[in-house]
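File shown: work08.csv. Contents: CSV, C-alpha atoms.
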chain,number,residue,atom,x,y,z
A,25,MET,CA,9.3,35.0,-13.1
A,26,GLU,CA,6.3,33.4,-14.7
A,27,LEU,CA,6.1,29.6,-15.0
A,28,ILE,CA,3.3,27.2,-15.8
A,29,ILE,CA,3.4,24.8,-12.9
A,30,ASN,CA,0.9,21.9,-12.9
A,31,GLY,CA,-1.1,23.7,-15.5
A,32,GLN,CA,-1.4,27.0,-13.6
A,33,THR,CA,0.5,30.1,-14.3
A,34,GLN,CA,2.5,31.1,-11.2
A,35,VAL,CA,4.8,34.0,-10.5
A,36,LEU,CA,7.9,33.2,-8.6
A,37,GLU,CA,11.0,35.0,-7.6
A,38,PRO,CA,13.7,34.8,-10.3
A,39,ALA,CA,15.1,31.3,-10.5
A,40,ASP,CA,18.0,29.9,-12.5
A,41,THR,CA,17.4,26.2,-12.1
A,42,MET,CA,14.7,23.7,-11.4
A,43,GLU,CA,16.2,23.2,-7.9
A,44,ASP,CA,15.7,26.9,-7.2
A,45,VAL,CA,12.0,26.5,-8.2
A,46,ILE,CA,11.5,23.5,-6.0
A,47,LYS,CA,13.3,25.2,-3.1
A,48,GLN,CA,11.1,28.3,-3.5
A,49,LEU,CA,8.0,26.2,-3.3
A,50,GLY,CA,9.3,24.5,-0.1
A,51,LEU,CA,9.3,21.1,-1.7
A,52,LEU,CA,13.0,20.0,-1.4
A,53,GLY,CA,13.2,16.6,0.3
A,54,LYS,CA,9.7,15.6,-0.5
A,55,PRO,CA,8.9,12.5,-2.6
A,56,LEU,CA,8.6,14.4,-5.9
A,57,VAL,CA,9.2,14.0,-9.6
A,58,ALA,CA,9.8,17.0,-11.7
A,59,GLU,CA,9.1,17.2,-15.4
A,60,ALA,CA,10.1,20.1,-17.6
A,61,ASN,CA,8.6,20.6,-21.0
A,62,GLY,CA,7.6,16.9,-21.0
A,63,VAL,CA,10.9,15.5,-19.9
A,64,VAL,CA,11.3,13.7,-16.6
A,65,LEU,CA,14.2,15.0,-14.5
A,66,THR,CA,15.9,13.0,-11.9
A,67,ALA,CA,16.7,14.8,-8.6
A,68,GLU,CA,20.4,15.0,-9.6
A,69,GLN,CA,19.4,16.9,-12.8
A,70,TRP,CA,17.4,19.6,-10.9
A,71,ALA,CA,20.5,21.7,-10.1
A,72,THR,CA,21.7,21.7,-13.7
A,73,THR,CA,18.4,22.2,-15.5
A,74,SER,CA,17.8,25.8,-16.4
A,75,VAL,CA,14.4,27.3,-16.2
A,76,VAL,CA,13.2,30.1,-18.5
A,77,PRO,CA,10.0,32.2,-18.3
A,78,GLY,CA,7.0,30.5,-19.6
A,79,MET,CA,8.4,27.0,-19.1
A,80,ARG,CA,5.9,24.2,-18.4
A,81,ILE,CA,6.7,22.3,-15.3
A,82,GLU,CA,4.9,19.4,-13.7
A,83,LEU,CA,5.7,18.6,-10.1
A,84,VAL,CA,4.2,15.2,-9.2
A,85,HIS,CA,4.1,14.4,-5.5
A,86,PHE,CA,4.1,10.8,-4.7
A,87,VAL,CA,1.2,10.0,-2.5
A,88,GLY,CA,1.7,7.7,0.4
A,89,GLY,CA,-1.7,6.9,1.9
A,90,GLY,CA,-3.6,3.8,1.2
B,11,MET,CA,0.5,-20.1,-11.9
B,12,GLU,CA,-1.7,-22.4,-10.0
B,13,GLU,CA,-4.1,-24.9,-11.5
B,14,MET,CA,-7.7,-24.1,-10.8
B,15,GLN,CA,-10.4,-26.4,-11.9
B,16,MET,CA,-13.9,-25.2,-12.7
B,17,ASP,CA,-16.5,-26.6,-15.0
B,18,SER,CA,-16.8,-24.7,-18.2
B,19,GLU,CA,-20.5,-24.1,-17.8
B,20,GLN,CA,-20.1,-22.8,-14.3
B,21,MET,CA,-17.3,-20.5,-15.5
B,22,LYS,CA,-19.5,-19.1,-18.2
B,23,GLN,CA,-22.3,-18.4,-15.8
B,24,ARG,CA,-20.2,-16.6,-13.3
B,25,TYR,CA,-17.9,-14.7,-15.6
B,26,SER,CA,-20.0,-14.3,-18.7
B,27,ARG,CA,-19.9,-10.5,-18.9
B,28,GLN,CA,-16.1,-10.5,-18.3
B,29,MET,CA,-15.6,-13.3,-20.9
B,30,LEU,CA,-17.8,-11.4,-23.4
B,31,PHE,CA,-15.2,-8.6,-23.2
B,32,SER,CA,-13.1,-9.9,-26.1
B,33,PRO,CA,-9.6,-8.9,-24.8
B,34,ILE,CA,-10.2,-11.3,-21.9
B,35,GLY,CA,-12.5,-14.0,-23.4
B,36,GLU,CA,-12.4,-17.6,-22.2
B,37,ALA,CA,-8.6,-17.9,-22.5
B,38,GLY,CA,-8.1,-14.8,-20.4
B,39,GLN,CA,-10.6,-16.0,-17.8
B,40,ARG,CA,-8.6,-19.2,-17.5
B,41,LYS,CA,-5.4,-17.3,-17.0
B,42,LEU,CA,-7.0,-15.2,-14.3
B,43,MET,CA,-8.3,-18.3,-12.5
B,44,ASN,CA,-4.8,-19.8,-12.7
B,45,SER,CA,-3.1,-16.7,-11.2
B,46,ALA,CA,-1.9,-16.0,-7.8
B,47,VAL,CA,-1.5,-12.4,-6.4
B,48,LEU,CA,-0.4,-10.9,-3.1
B,49,ILE,CA,-2.2,-7.8,-1.7
B,50,VAL,CA,-0.1,-6.0,0.9
B,51,GLY,CA,-2.3,-3.8,3.1
B,52,MET,CA,-6.0,-4.4,3.5
B,53,GLY,CA,-7.1,-0.8,4.2
B,54,ALA,CA,-8.9,1.4,1.7
B,55,LEU,CA,-6.9,0.4,-1.4
B,56,GLY,CA,-6.5,-3.2,-0.4
B,57,THR,CA,-10.3,-3.8,0.1
B,58,VAL,CA,-11.1,-2.4,-3.3
B,59,LEU,CA,-8.4,-4.4,-4.9
B,60,ALA,CA,-9.5,-7.6,-3.2
B,61,ASN,CA,-13.1,-7.0,-4.1
B,62,HIS,CA,-12.2,-6.5,-7.8
B,63,LEU,CA,-9.9,-9.4,-8.1
B,64,VAL,CA,-12.1,-11.9,-6.1
B,65,ARG,CA,-15.1,-11.0,-8.3
B,66,ALA,CA,-12.9,-11.3,-11.4
B,67,GLY,CA,-12.0,-14.8,-10.4
B,68,VAL,CA,-8.3,-14.5,-9.8
B,69,GLY,CA,-7.5,-18.0,-8.5
B,70,HIS,CA,-5.4,-17.4,-5.4
B,71,ILE,CA,-5.3,-14.2,-3.4
B,72,ARG,CA,-3.0,-13.9,-0.5
B,73,MET,CA,-3.8,-10.9,1.7
B,74,VAL,CA,-1.6,-9.5,4.4
B,75,ASP,CA,-2.2,-6.8,7.0
B,76,ARG,CA,-1.0,-6.0,10.5
B,77,ASP,CA,-4.0,-4.1,11.8
B,78,TYR,CA,-7.6,-4.7,13.0
B,79,VAL,CA,-10.8,-2.9,12.0
B,80,GLU,CA,-11.6,0.4,13.7
B,81,LYS,CA,-14.6,2.7,13.3
B,82,SER,CA,-12.7,5.3,11.4
B,83,ASN,CA,-12.0,2.7,8.7
B,84,LEU,CA,-15.7,2.3,7.8
B,85,GLN,CA,-16.0,5.5,5.7
B,86,ARG,CA,-13.8,4.1,2.9
B,87,GLN,CA,-12.7,0.5,3.6
B,88,LEU,CA,-15.5,-1.2,1.8
B,89,LEU,CA,-15.3,-4.7,3.0
B,90,TYR,CA,-15.8,-3.9,6.7
B,91,ASP,CA,-18.8,-3.2,8.9
B,92,GLU,CA,-19.8,-2.2,12.4
B,93,GLN,CA,-19.8,-5.8,13.6
B,94,ASP,CA,-16.1,-6.1,12.6
B,95,VAL,CA,-15.4,-3.1,14.8
B,96,VAL,CA,-17.3,-4.6,17.7
B,97,HIS,CA,-15.4,-7.9,17.4
B,98,MET,CA,-12.1,-6.2,16.7
B,99,TYR,CA,-11.4,-8.5,13.8
B,100,PRO,CA,-8.0,-8.3,12.1
B,101,LYS,CA,-8.6,-6.8,8.7
B,102,VAL,CA,-7.6,-9.8,6.7
B,103,ILE,CA,-10.0,-12.0,8.7
B,104,ALA,CA,-12.9,-9.7,8.3
B,105,ALA,CA,-12.1,-9.4,4.6
B,106,GLU,CA,-11.9,-13.1,4.1
B,107,LYS,CA,-15.3,-13.5,5.8
B,108,LYS,CA,-16.9,-11.2,3.2
B,109,LEU,CA,-15.0,-12.3,0.2
B,110,ARG,CA,-15.6,-16.0,0.8
B,111,ILE,CA,-19.4,-15.5,0.3
B,112,VAL,CA,-18.7,-13.3,-2.8
B,113,ASN,CA,-16.8,-16.0,-4.6
B,114,SER,CA,-16.2,-19.3,-2.9
B,115,THR,CA,-14.2,-20.6,-5.8
B,116,VAL,CA,-11.2,-18.3,-5.1
B,117,LYS,CA,-8.5,-19.5,-2.8
B,118,LEU,CA,-8.2,-16.8,-0.1
B,119,GLU,CA,-5.2,-16.8,2.2
B,120,PRO,CA,-5.4,-14.2,5.0
B,121,VAL,CA,-2.1,-13.5,6.8
B,122,VAL,CA,-2.1,-11.3,10.0
B,123,ALA,CA,1.4,-9.9,10.0
B,124,ASP,CA,3.6,-6.9,9.6
B,125,VAL,CA,5.4,-7.1,6.3
B,126,THR,CA,9.1,-7.0,7.0
B,127,LEU,CA,12.5,-8.1,5.7
B,128,ALA,CA,12.0,-11.3,7.7
B,129,ASN,CA,8.8,-12.5,6.0
B,130,ILE,CA,8.8,-10.8,2.6
B,131,ALA,CA,10.4,-13.7,0.7
B,132,GLU,CA,7.9,-16.2,2.1
B,133,LEU,CA,5.0,-13.9,1.2
B,134,LEU,CA,6.1,-13.6,-2.4
B,135,GLU,CA,6.5,-17.3,-2.8
B,136,GLY,CA,4.3,-18.5,-5.7
B,137,MET,CA,2.9,-15.1,-6.5
B,138,ASP,CA,2.5,-13.7,-10.1
B,139,LEU,CA,1.9,-10.1,-9.0
B,140,VAL,CA,2.0,-7.9,-6.0
B,141,LEU,CA,-0.6,-5.2,-5.4
B,142,ASP,CA,0.3,-2.3,-3.1
B,143,GLY,CA,-2.4,-1.4,-0.6
B,144,THR,CA,0.1,-0.1,2.0
B,145,ASP,CA,0.0,3.3,3.7
B,146,ASN,CA,3.7,4.1,3.9
B,147,PHE,CA,6.8,4.3,1.7
B,148,GLN,CA,9.0,2.2,3.9
B,149,THR,CA,6.9,-0.9,3.0
B,150,ARG,CA,6.6,0.2,-0.6
B,151,PHE,CA,10.4,0.3,-1.0
B,152,LEU,CA,10.6,-3.1,0.6
B,153,LEU,CA,8.0,-4.4,-1.9
B,154,ASN,CA,9.6,-2.7,-4.8
B,155,ASP,CA,13.1,-4.1,-4.1
B,156,ALA,CA,11.8,-7.6,-3.2
B,157,CYS,CA,9.7,-7.8,-6.3
B,158,TYR,CA,12.4,-6.6,-8.6
B,159,LYS,CA,14.9,-9.0,-7.1
B,160,ALA,CA,12.4,-11.9,-7.6
B,161,GLY,CA,11.2,-10.7,-11.0
B,162,ILE,CA,7.6,-10.2,-9.9
B,163,PRO,CA,5.6,-7.2,-11.2
B,164,PHE,CA,4.4,-4.7,-8.6
B,165,THR,CA,1.5,-2.2,-8.9
B,166,TYR,CA,2.0,1.0,-6.9
B,167,GLY,CA,-1.1,2.9,-5.7
B,168,GLY,CA,-1.4,5.8,-3.3
B,169,ALA,CA,-4.2,8.1,-2.2
B,170,VAL,CA,-4.5,11.0,0.2
B,171,SER,CA,-6.9,13.9,0.4
B,172,SER,CA,-8.5,14.0,-3.1
B,173,ARG,CA,-5.2,13.1,-4.8
B,174,GLY,CA,-4.2,9.7,-6.1
B,175,MET,CA,-1.7,8.0,-8.3
B,176,SER,CA,-0.9,4.5,-9.7
B,177,ALA,CA,1.6,2.7,-11.8
B,178,LEU,CA,2.5,-0.8,-12.8
B,179,PHE,CA,6.2,-1.6,-12.4
B,180,VAL,CA,7.5,-4.6,-14.3
B,181,PRO,CA,11.0,-5.9,-13.8
B,182,GLY,CA,13.0,-5.8,-16.9
B,183,ARG,CA,10.4,-3.8,-18.8
B,184,THR,CA,9.8,-0.6,-16.9
B,185,PRO,CA,11.5,1.7,-14.4
B,186,CYS,CA,10.8,0.9,-10.8
B,187,LEU,CA,9.6,3.1,-7.9
B,188,ARG,CA,13.1,4.0,-6.9
B,189,CYS,CA,13.8,5.4,-10.4
B,190,PHE,CA,11.3,8.2,-9.5
B,191,ILE,CA,11.8,8.8,-5.8
B,192,GLN,CA,14.6,8.1,-3.4
B,193,ALA,CA,13.2,9.6,-0.3
B,194,GLY,CA,10.3,8.0,1.5
B,195,ASP,CA,9.0,10.9,3.4
B,196,SER,CA,5.4,11.7,2.8
B,197,GLY,CA,5.9,15.2,4.2
B,198,GLY,CA,3.4,14.7,7.0
B,199,GLU,CA,0.6,14.3,4.5
B,200,THR,CA,-1.2,11.1,5.4
B,201,CYS,CA,-4.8,9.9,5.5
B,202,ASP,CA,-4.6,10.4,9.3
B,203,THR,CA,-3.5,14.0,9.2
B,204,ILE,CA,-5.1,15.6,6.1
B,205,GLY,CA,-7.8,13.0,5.5
B,206,VAL,CA,-9.0,11.2,2.4
B,207,ILE,CA,-12.2,10.8,0.5
B,208,ALA,CA,-13.4,7.4,-0.5
B,209,PRO,CA,-13.9,8.0,-4.3
B,210,VAL,CA,-10.2,8.7,-4.9
B,211,VAL,CA,-9.3,5.5,-3.2
B,212,ASP,CA,-11.7,3.5,-5.4
B,213,ILE,CA,-10.3,5.1,-8.5
B,214,VAL,CA,-6.7,4.5,-7.6
B,215,ALA,CA,-7.4,0.8,-6.8
B,216,SER,CA,-9.4,0.4,-9.9
B,217,TYR,CA,-6.5,1.6,-12.0
B,218,GLN,CA,-4.3,-0.9,-10.2
B,219,ALA,CA,-6.8,-3.7,-10.7
B,220,VAL,CA,-7.3,-3.1,-14.4
B,221,GLU,CA,-3.5,-3.1,-14.9
B,222,ALA,CA,-3.4,-6.3,-12.9
B,223,MET,CA,-5.9,-7.9,-15.1
B,224,LYS,CA,-4.1,-6.9,-18.3
B,225,LEU,CA,-0.9,-8.3,-16.9
B,226,LEU,CA,-2.4,-11.6,-15.8
B,227,VAL,CA,-4.2,-12.2,-19.1
B,228,GLY,CA,-1.0,-11.3,-21.0
B,229,ALA,CA,-2.3,-8.2,-22.7
B,230,GLU,CA,1.1,-6.7,-22.8
B,231,ASP,CA,0.5,-4.3,-25.7
B,232,GLN,CA,-2.3,-2.7,-23.7
B,233,ARG,CA,-0.4,-2.1,-20.5
B,234,ARG,CA,-0.2,1.5,-19.4
B,235,SER,CA,3.4,2.7,-19.5
B,236,SER,CA,3.0,5.7,-17.3
B,237,LEU,CA,2.3,6.9,-13.9
B,238,VAL,CA,-1.3,8.2,-13.6
B,239,THR,CA,-1.9,11.0,-11.2
B,240,PHE,CA,-5.0,13.0,-10.5
B,241,ASP,CA,-6.9,15.2,-8.1
B,242,ILE,CA,-10.5,14.4,-8.4
B,243,TRP,CA,-11.8,17.3,-6.3
B,244,HIS,CA,-9.8,19.9,-8.2
B,245,ASN,CA,-10.4,18.2,-11.5
B,246,ARG,CA,-6.8,17.6,-12.6
B,247,PHE,CA,-5.4,14.5,-14.4
B,248,TYR,CA,-1.8,14.0,-15.5
B,249,GLU,CA,0.1,11.1,-16.9
B,250,LEU,CA,3.9,11.0,-16.4
B,251,LYS,CA,5.2,8.8,-19.2
B,252,PHE,CA,7.8,6.2,-18.3
B,253,GLY,CA,11.2,7.0,-19.8
B,254,GLU,CA,14.2,4.8,-19.4
B,255,PRO,CA,15.1,3.5,-15.9
B,256,HIS,CA,17.3,5.9,-14.0
B,257,PRO,CA,20.9,4.7,-14.7
B,258,GLY,CA,21.9,5.0,-11.1
B,259,CYS,CA,18.8,3.3,-9.7
B,260,PRO,CA,20.1,1.2,-6.8
B,261,CYS,CA,17.2,-1.3,-7.3
B,262,CYS,CA,16.5,-2.0,-11.0
B,263,GLN,CA,19.9,-0.9,-12.4
B,264,LEU,CA,22.6,-1.4,-9.8
B,265,LYS,CA,20.7,-4.4,-8.3
B,266,GLN,CA,21.7,-3.5,-4.8
B,267,TYR,CA,18.1,-3.7,-3.4
B,268,PRO,CA,18.7,-1.4,-0.4
B,269,ALA,CA,15.6,-2.4,1.5
B,270,LEU,CA,16.7,-6.0,1.5
B,271,GLU,CA,20.0,-5.3,3.1
B,272,TRP,CA,19.9,-6.5,6.7
B,273,ARG,CA,20.4,-3.8,9.2
B,274,GLU,CA,19.4,-3.3,12.8
B,275,ARG,CA,15.7,-2.7,12.3
B,276,ASP,CA,13.9,-0.5,14.7
B,277,ALA,CA,11.9,-2.7,17.0
B,278,ALA,CA,9.6,0.2,17.8
B,279,VAL,CA,8.0,2.5,15.2
B,280,SER,CA,5.5,5.2,15.6
B,281,LEU,CA,2.6,4.7,13.2
B,282,CYS,CA,2.3,8.1,11.6
B,283,GLY,CA,-0.7,10.2,12.7
B,284,ARG,CA,-2.4,7.4,14.6
B,285,GLU,CA,-1.2,8.0,18.1
B,286,THR,CA,0.1,4.4,18.0
B,287,VAL,CA,3.6,2.9,18.5
B,288,GLN,CA,4.2,-0.6,17.2
B,289,ILE,CA,6.7,-2.7,19.1
B,290,ARG,CA,7.9,-6.0,17.6
B,291,GLY,CA,8.7,-8.4,20.4
B,292,ASN,CA,11.1,-11.2,19.8
B,293,ALA,CA,8.8,-14.0,20.9
B,294,PRO,CA,5.2,-15.1,20.2
B,295,LEU,CA,2.6,-14.1,22.7
B,296,GLU,CA,0.2,-16.7,24.2
B,297,LEU,CA,-2.8,-14.4,24.4
B,298,ALA,CA,-4.9,-16.5,26.8
B,299,VAL,CA,-2.1,-16.5,29.3
B,300,TRP,CA,-1.6,-12.8,28.9
B,301,LYS,CA,-5.3,-12.2,29.5
B,302,GLU,CA,-5.1,-14.0,32.9
B,303,ARG,CA,-1.9,-12.2,33.8
B,304,LEU,CA,-3.1,-8.7,32.9
B,305,SER,CA,-6.8,-8.9,33.9
B,306,PRO,CA,-6.2,-8.1,37.6
B,307,ILE,CA,-4.2,-4.9,36.9
B,308,ALA,CA,-5.8,-3.5,33.8
B,309,ARG,CA,-9.0,-1.5,33.5
B,310,GLU,CA,-10.5,-3.8,30.9
B,311,VAL,CA,-9.2,-6.8,28.9
B,312,THR,CA,-10.8,-8.1,25.8
B,313,LEU,CA,-9.7,-11.3,24.0
B,314,ASN,CA,-10.7,-12.6,20.6
B,315,PRO,CA,-9.1,-15.3,18.6
B,316,PHE,CA,-6.7,-12.9,16.9
B,317,LEU,CA,-5.7,-10.2,19.5
B,318,LEU,CA,-5.9,-9.1,23.1
B,319,ARG,CA,-6.8,-5.6,23.9
B,320,VAL,CA,-5.8,-4.2,27.3
B,321,GLU,CA,-7.1,-0.9,28.6
B,322,LEU,CA,-4.4,0.4,31.0
B,323,SER,CA,-5.1,2.5,34.0
B,324,GLU,CA,-2.5,5.0,32.7
B,325,GLY,CA,-5.0,5.8,29.8
B,326,GLU,CA,-3.1,4.1,27.0
B,327,ARG,CA,-4.1,0.8,25.4
B,328,LEU,CA,-2.1,-2.3,24.5
B,329,VAL,CA,-3.2,-4.4,21.5
B,330,MET,CA,-1.3,-7.7,21.5
B,331,PHE,CA,-0.9,-10.1,18.7
B,332,PRO,CA,0.1,-13.8,18.7
B,333,ASP,CA,3.2,-13.0,16.5
B,334,GLY,CA,4.7,-10.9,19.3
B,335,ARG,CA,3.7,-7.5,18.0
B,336,VAL,CA,2.2,-5.0,20.4
B,337,LEU,CA,0.5,-1.8,19.5
B,338,VAL,CA,0.7,0.9,22.2
B,339,GLN,CA,-2.2,3.2,21.4
B,340,GLY,CA,-2.8,6.6,22.8
B,341,THR,CA,0.8,7.8,22.4
B,342,GLU,CA,3.2,8.7,19.7
B,343,ASP,CA,6.1,8.8,22.1
B,344,ILE,CA,8.3,5.8,21.5
B,345,VAL,CA,10.0,6.1,24.9
B,346,ARG,CA,6.6,6.2,26.6
B,347,ALA,CA,5.5,3.2,24.6
B,348,LYS,CA,8.6,1.3,25.5
B,349,THR,CA,8.1,2.2,29.2
B,350,LEU,CA,4.6,0.8,29.1
B,351,TYR,CA,5.7,-2.3,27.2
B,352,ALA,CA,8.4,-2.9,29.7
B,353,ARG,CA,6.0,-2.3,32.6
B,354,TYR,CA,3.4,-4.8,31.4
B,355,ILE,CA,5.1,-7.2,29.1
B,356,GLY,CA,8.6,-6.8,30.2
B,357,GLN,CA,10.5,-8.9,27.7

Go ahead and render the structure in this file as structure tokens.
Amino acid sequence: MELIINGQTQVLEPADTMEDVIKQLGLLGKPLVAEANGVVLTAEQWATTSVVPGMRIELVHFVGGG
Amino acid sequence: MEEMQMDSEQMKQRYSRQMLFSPIGEAGQRKLMNSAVLIVGMGALGTVLANHLVRAGVGHIRMVDRDYVEKSNLQRQLLYDEQDVVHMYPKVIAAEKKLRIVNSTVKLEPVVADVTLANIAELLEGMDLVLDGTDNFQTRFLLNDACYKAGIPFTYGGAVSSRGMSALFVPGRTPCLRCFIQAGDSGGETCDTIGVIAPVVDIVASYQAVEAMKLLVGAEDQRRSSLVTFDIWHNRFYELKFGEPHPGCPCCQLKQYPALEWRERDAAVSLCGRETVQIRGNAPLELAVWKERLSPIAREVTLNPFLLRVELSEGERLVMFPDGRVLVQGTEDIVRAKTLYARYIGQ
């Protein structure tokens, strides 16, 4: 499945939801905000947000250093 | 806001270029001079923040940090130098020394302390804004919750590797940090494990500083209502627009402020990636007394007015502070650190 993640086209295993995508990328549990087609999703919405091929996804990692 | 007196001519000489910038002007300059801010963490972000705000003439700057200057800081923590390492100055003391000769009209208030539930309210007292220079999410959540409860704006900043981000959170106006993330795990990616380059830190802190200036001069319509994120090595910039606060946010919506709930705090914490365990003792330490006590049994003991460093024959090192904190360096094993603490300090 082709998705545009952080501006780059990436091919992932088929995924139904945003949670599947985040899980495939090994990012579950990380301090992360997901945005799909310009809409910010809370972590509770990941499991119910469908993903479709070509979707633009931004995954923003919160950075802890200082 | 605090009252800060300065002759109008002196003010024009010092701040002329900033006052010529019309969104600030003379009125804005006076607001900056009558403002009070707290910078939490005087590492890479904190030193850049303090440098900007002291030069800009913010009237009262309270700086708090628990650590002292080490050689690995010098690559990016721009207020420190090799002499600070030799003297083992606490960061806020070294920073104050530099900043005082940059702008003697600013009231500088250095505080050597670990920011905790026990002292956060006192640190926020009289402050108009809090600037995040911390290196961990635990303290950020504490700042976020304490600021929202007290109605004080809070600028988040973070940097690691070549990546950085920043946002200004304003109680009653914007979402808060907890609206975006609930977990505070940095996934093992810290400046001590994957490194950081200085330019990204400067950029993040500069974003924080400019939002601070807008806030303090009252330029509300110009405030950035987004979270800025970038990777300056891989040439990527992205802005995450603020939406509505998360309806279930335990801080800004449900007003539960989880970090402010008292619970049994861990007296010992491992400082990520630094081979250091911090132990908070329950009584102050009289450093001169401890120097006499430990000198005969330690390999080397060094005392300065702010801390006592004890090289142990076991290979580890104790760094003791008057407020009762002890850093056990050379181990990340909390049990080992507690053993050494019990062996030498024994409280």

Give me the chain A side of the contact with chain B, cut-off 8 Å, one line per residue showing its nearest atom pair and distance in Å at one decimal, counting only C-alpha atoms, sorted by chain and residue number, as JSON lines.
{"residue": "A:Gly53", "atom": "CA", "partner": "B:Ala193", "partner_atom": "CA", "distance": 7.0}
{"residue": "A:Lys54", "atom": "CA", "partner": "B:Gly197", "partner_atom": "CA", "distance": 6.1}
{"residue": "A:Pro55", "atom": "CA", "partner": "B:Ala193", "partner_atom": "CA", "distance": 5.7}
{"residue": "A:Leu56", "atom": "CA", "partner": "B:Ile191", "partner_atom": "CA", "distance": 6.5}
{"residue": "A:Val57", "atom": "CA", "partner": "B:Phe190", "partner_atom": "CA", "distance": 6.2}
{"residue": "A:Val64", "atom": "CA", "partner": "B:Gly253", "partner_atom": "CA", "distance": 7.4}
{"residue": "A:Thr66", "atom": "CA", "partner": "B:Phe190", "partner_atom": "CA", "distance": 7.1}
{"residue": "A:Val84", "atom": "CA", "partner": "B:Thr239", "partner_atom": "CA", "distance": 7.7}
{"residue": "A:Phe86", "atom": "CA", "partner": "B:Met175", "partner_atom": "CA", "distance": 7.4}
{"residue": "A:Val87", "atom": "CA", "partner": "B:Gly168", "partner_atom": "CA", "distance": 5.0}
{"residue": "A:Gly88", "atom": "CA", "partner": "B:Gly168", "partner_atom": "CA", "distance": 5.2}
{"residue": "A:Gly89", "atom": "CA", "partner": "B:Asp145", "partner_atom": "CA", "distance": 4.4}
{"residue": "A:Gly90", "atom": "CA", "partner": "B:Asp145", "partner_atom": "CA", "distance": 4.4}

Long-range neighbours of A:Ile81 as a PyMOL selection string, 8 Å cut-off, all atoms listed in the file, 6 positions minimum in chain:
chain A and resi 27-31+58-62

Using all atoms listed in the file, pick whichever of B:Leu328, B:Ala123, B:Leu304, B:Val227 has the shortest atom-to-atom distance to B:Ala347.
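Checking each of B:Leu328, B:Ala123, B:Leu304, B:Val227 against B:Ala347, counting all atoms listed in the file, the winner is B:Leu328.
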
Which residues, written as a PyMOL selection string, have at least one atom at most 7 Å from A:Met25, with all atoms listed in the file counted and residues fewer than 6 positions away on the same chain left out?
chain A and resi 35-38+77

How far is it from atom CA of A:Gly50 to atom CA of B:Pro268, in Å with one decimal?
27.6 Å

At a cut-off of 7 Å, using all atoms listed in the file, what residues contact stretch 344-346 of chain B? Leave out same-chain residues fewer than 2 positions from it and give the result as an mmCIF file with C-alpha atoms, in the coordinates of the input.
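Now in result_33.cif:
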data_model
loop_
_atom_site.group_PDB
_atom_site.id
_atom_site.type_symbol
_atom_site.label_atom_id
_atom_site.label_comp_id
_atom_site.auth_asym_id
_atom_site.auth_seq_id
_atom_site.Cartn_x
_atom_site.Cartn_y
_atom_site.Cartn_z
ATOM 1 C CA ALA B 278 9.600 0.200 17.800
ATOM 2 C CA SER B 280 5.500 5.200 15.600
ATOM 3 C CA VAL B 287 3.600 2.900 18.500
ATOM 4 C CA GLU B 342 3.200 8.700 19.700
ATOM 5 C CA LYS B 348 8.600 1.300 25.500
ATOM 6 C CA THR B 349 8.100 2.200 29.200
ATOM 7 C CA LEU B 350 4.600 0.800 29.100
#

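The interatomic distance for the pair atom CA of B:Gly356 and atom CA of B:Val102 works out to 28.7 Å.
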
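Atom to atom, atom CA of B:Ser216 and atom CA of B:Gly38 stand 18.5 Å apart.
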
Name all residues at most 6 Å from stretch 154-163 of chain B (count all atoms listed in the file; drop same-chain ones fewer than 3 positions away) and give them as a PDB file with C-alpha atoms, in the frame of the given file.
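The resulting file, part-v3.pdb, is shown below:
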ATOM      1  CA  LEU B 139       1.900 -10.100  -9.000  1.00  0.00           C
ATOM      2  CA  ARG B 150       6.600   0.200  -0.600  1.00  0.00           C
ATOM      3  CA  PHE B 151      10.400   0.300  -1.000  1.00  0.00           C
ATOM      4  CA  PHE B 179       6.200  -1.600 -12.400  1.00  0.00           C
ATOM      5  CA  VAL B 180       7.500  -4.600 -14.300  1.00  0.00           C
ATOM      6  CA  PRO B 181      11.000  -5.900 -13.800  1.00  0.00           C
ATOM      7  CA  CYS B 261      17.200  -1.300  -7.300  1.00  0.00           C
ATOM      8  CA  TYR B 267      18.100  -3.700  -3.400  1.00  0.00           C
TER       9      TYR B 267
END

If you keep N, CA, C and O atoms, can you output stretch 64-68 of chain A as a PDB file, in the first residue's frame?
ATOM      1  N   VAL A  64      -5.490  16.792  12.470  1.00  0.00           N
ATOM      2  CA  VAL A  64      -4.768  16.174  13.585  1.00  0.00           C
ATOM      3  C   VAL A  64      -5.653  15.100  14.217  1.00  0.00           C
ATOM      4  O   VAL A  64      -6.833  15.322  14.480  1.00  0.00           O
ATOM      5  N   LEU A  65      -5.070  13.941  14.458  1.00  0.00           N
ATOM      6  CA  LEU A  65      -5.826  12.838  15.074  1.00  0.00           C
ATOM      7  C   LEU A  65      -5.310  12.588  16.474  1.00  0.00           C
ATOM      8  O   LEU A  65      -4.100  12.504  16.682  1.00  0.00           O
ATOM      9  N   THR A  66      -6.212  12.460  17.410  1.00  0.00           N
ATOM     10  CA  THR A  66      -5.780  12.078  18.747  1.00  0.00           C
ATOM     11  C   THR A  66      -5.488  10.573  18.738  1.00  0.00           C
ATOM     12  O   THR A  66      -5.959   9.848  17.854  1.00  0.00           O
ATOM     13  N   ALA A  67      -4.738  10.119  19.705  1.00  0.00           N
ATOM     14  CA  ALA A  67      -4.333   8.705  19.736  1.00  0.00           C
ATOM     15  C   ALA A  67      -5.556   7.781  19.737  1.00  0.00           C
ATOM     16  O   ALA A  67      -5.533   6.704  19.126  1.00  0.00           O
ATOM     17  N   GLU A  68      -6.659   8.223  20.383  1.00  0.00           N
ATOM     18  CA  GLU A  68      -7.861   7.365  20.422  1.00  0.00           C
ATOM     19  C   GLU A  68      -8.509   7.232  19.046  1.00  0.00           C
ATOM     20  O   GLU A  68      -9.255   6.300  18.796  1.00  0.00           O
TER      21      GLU A  68
END
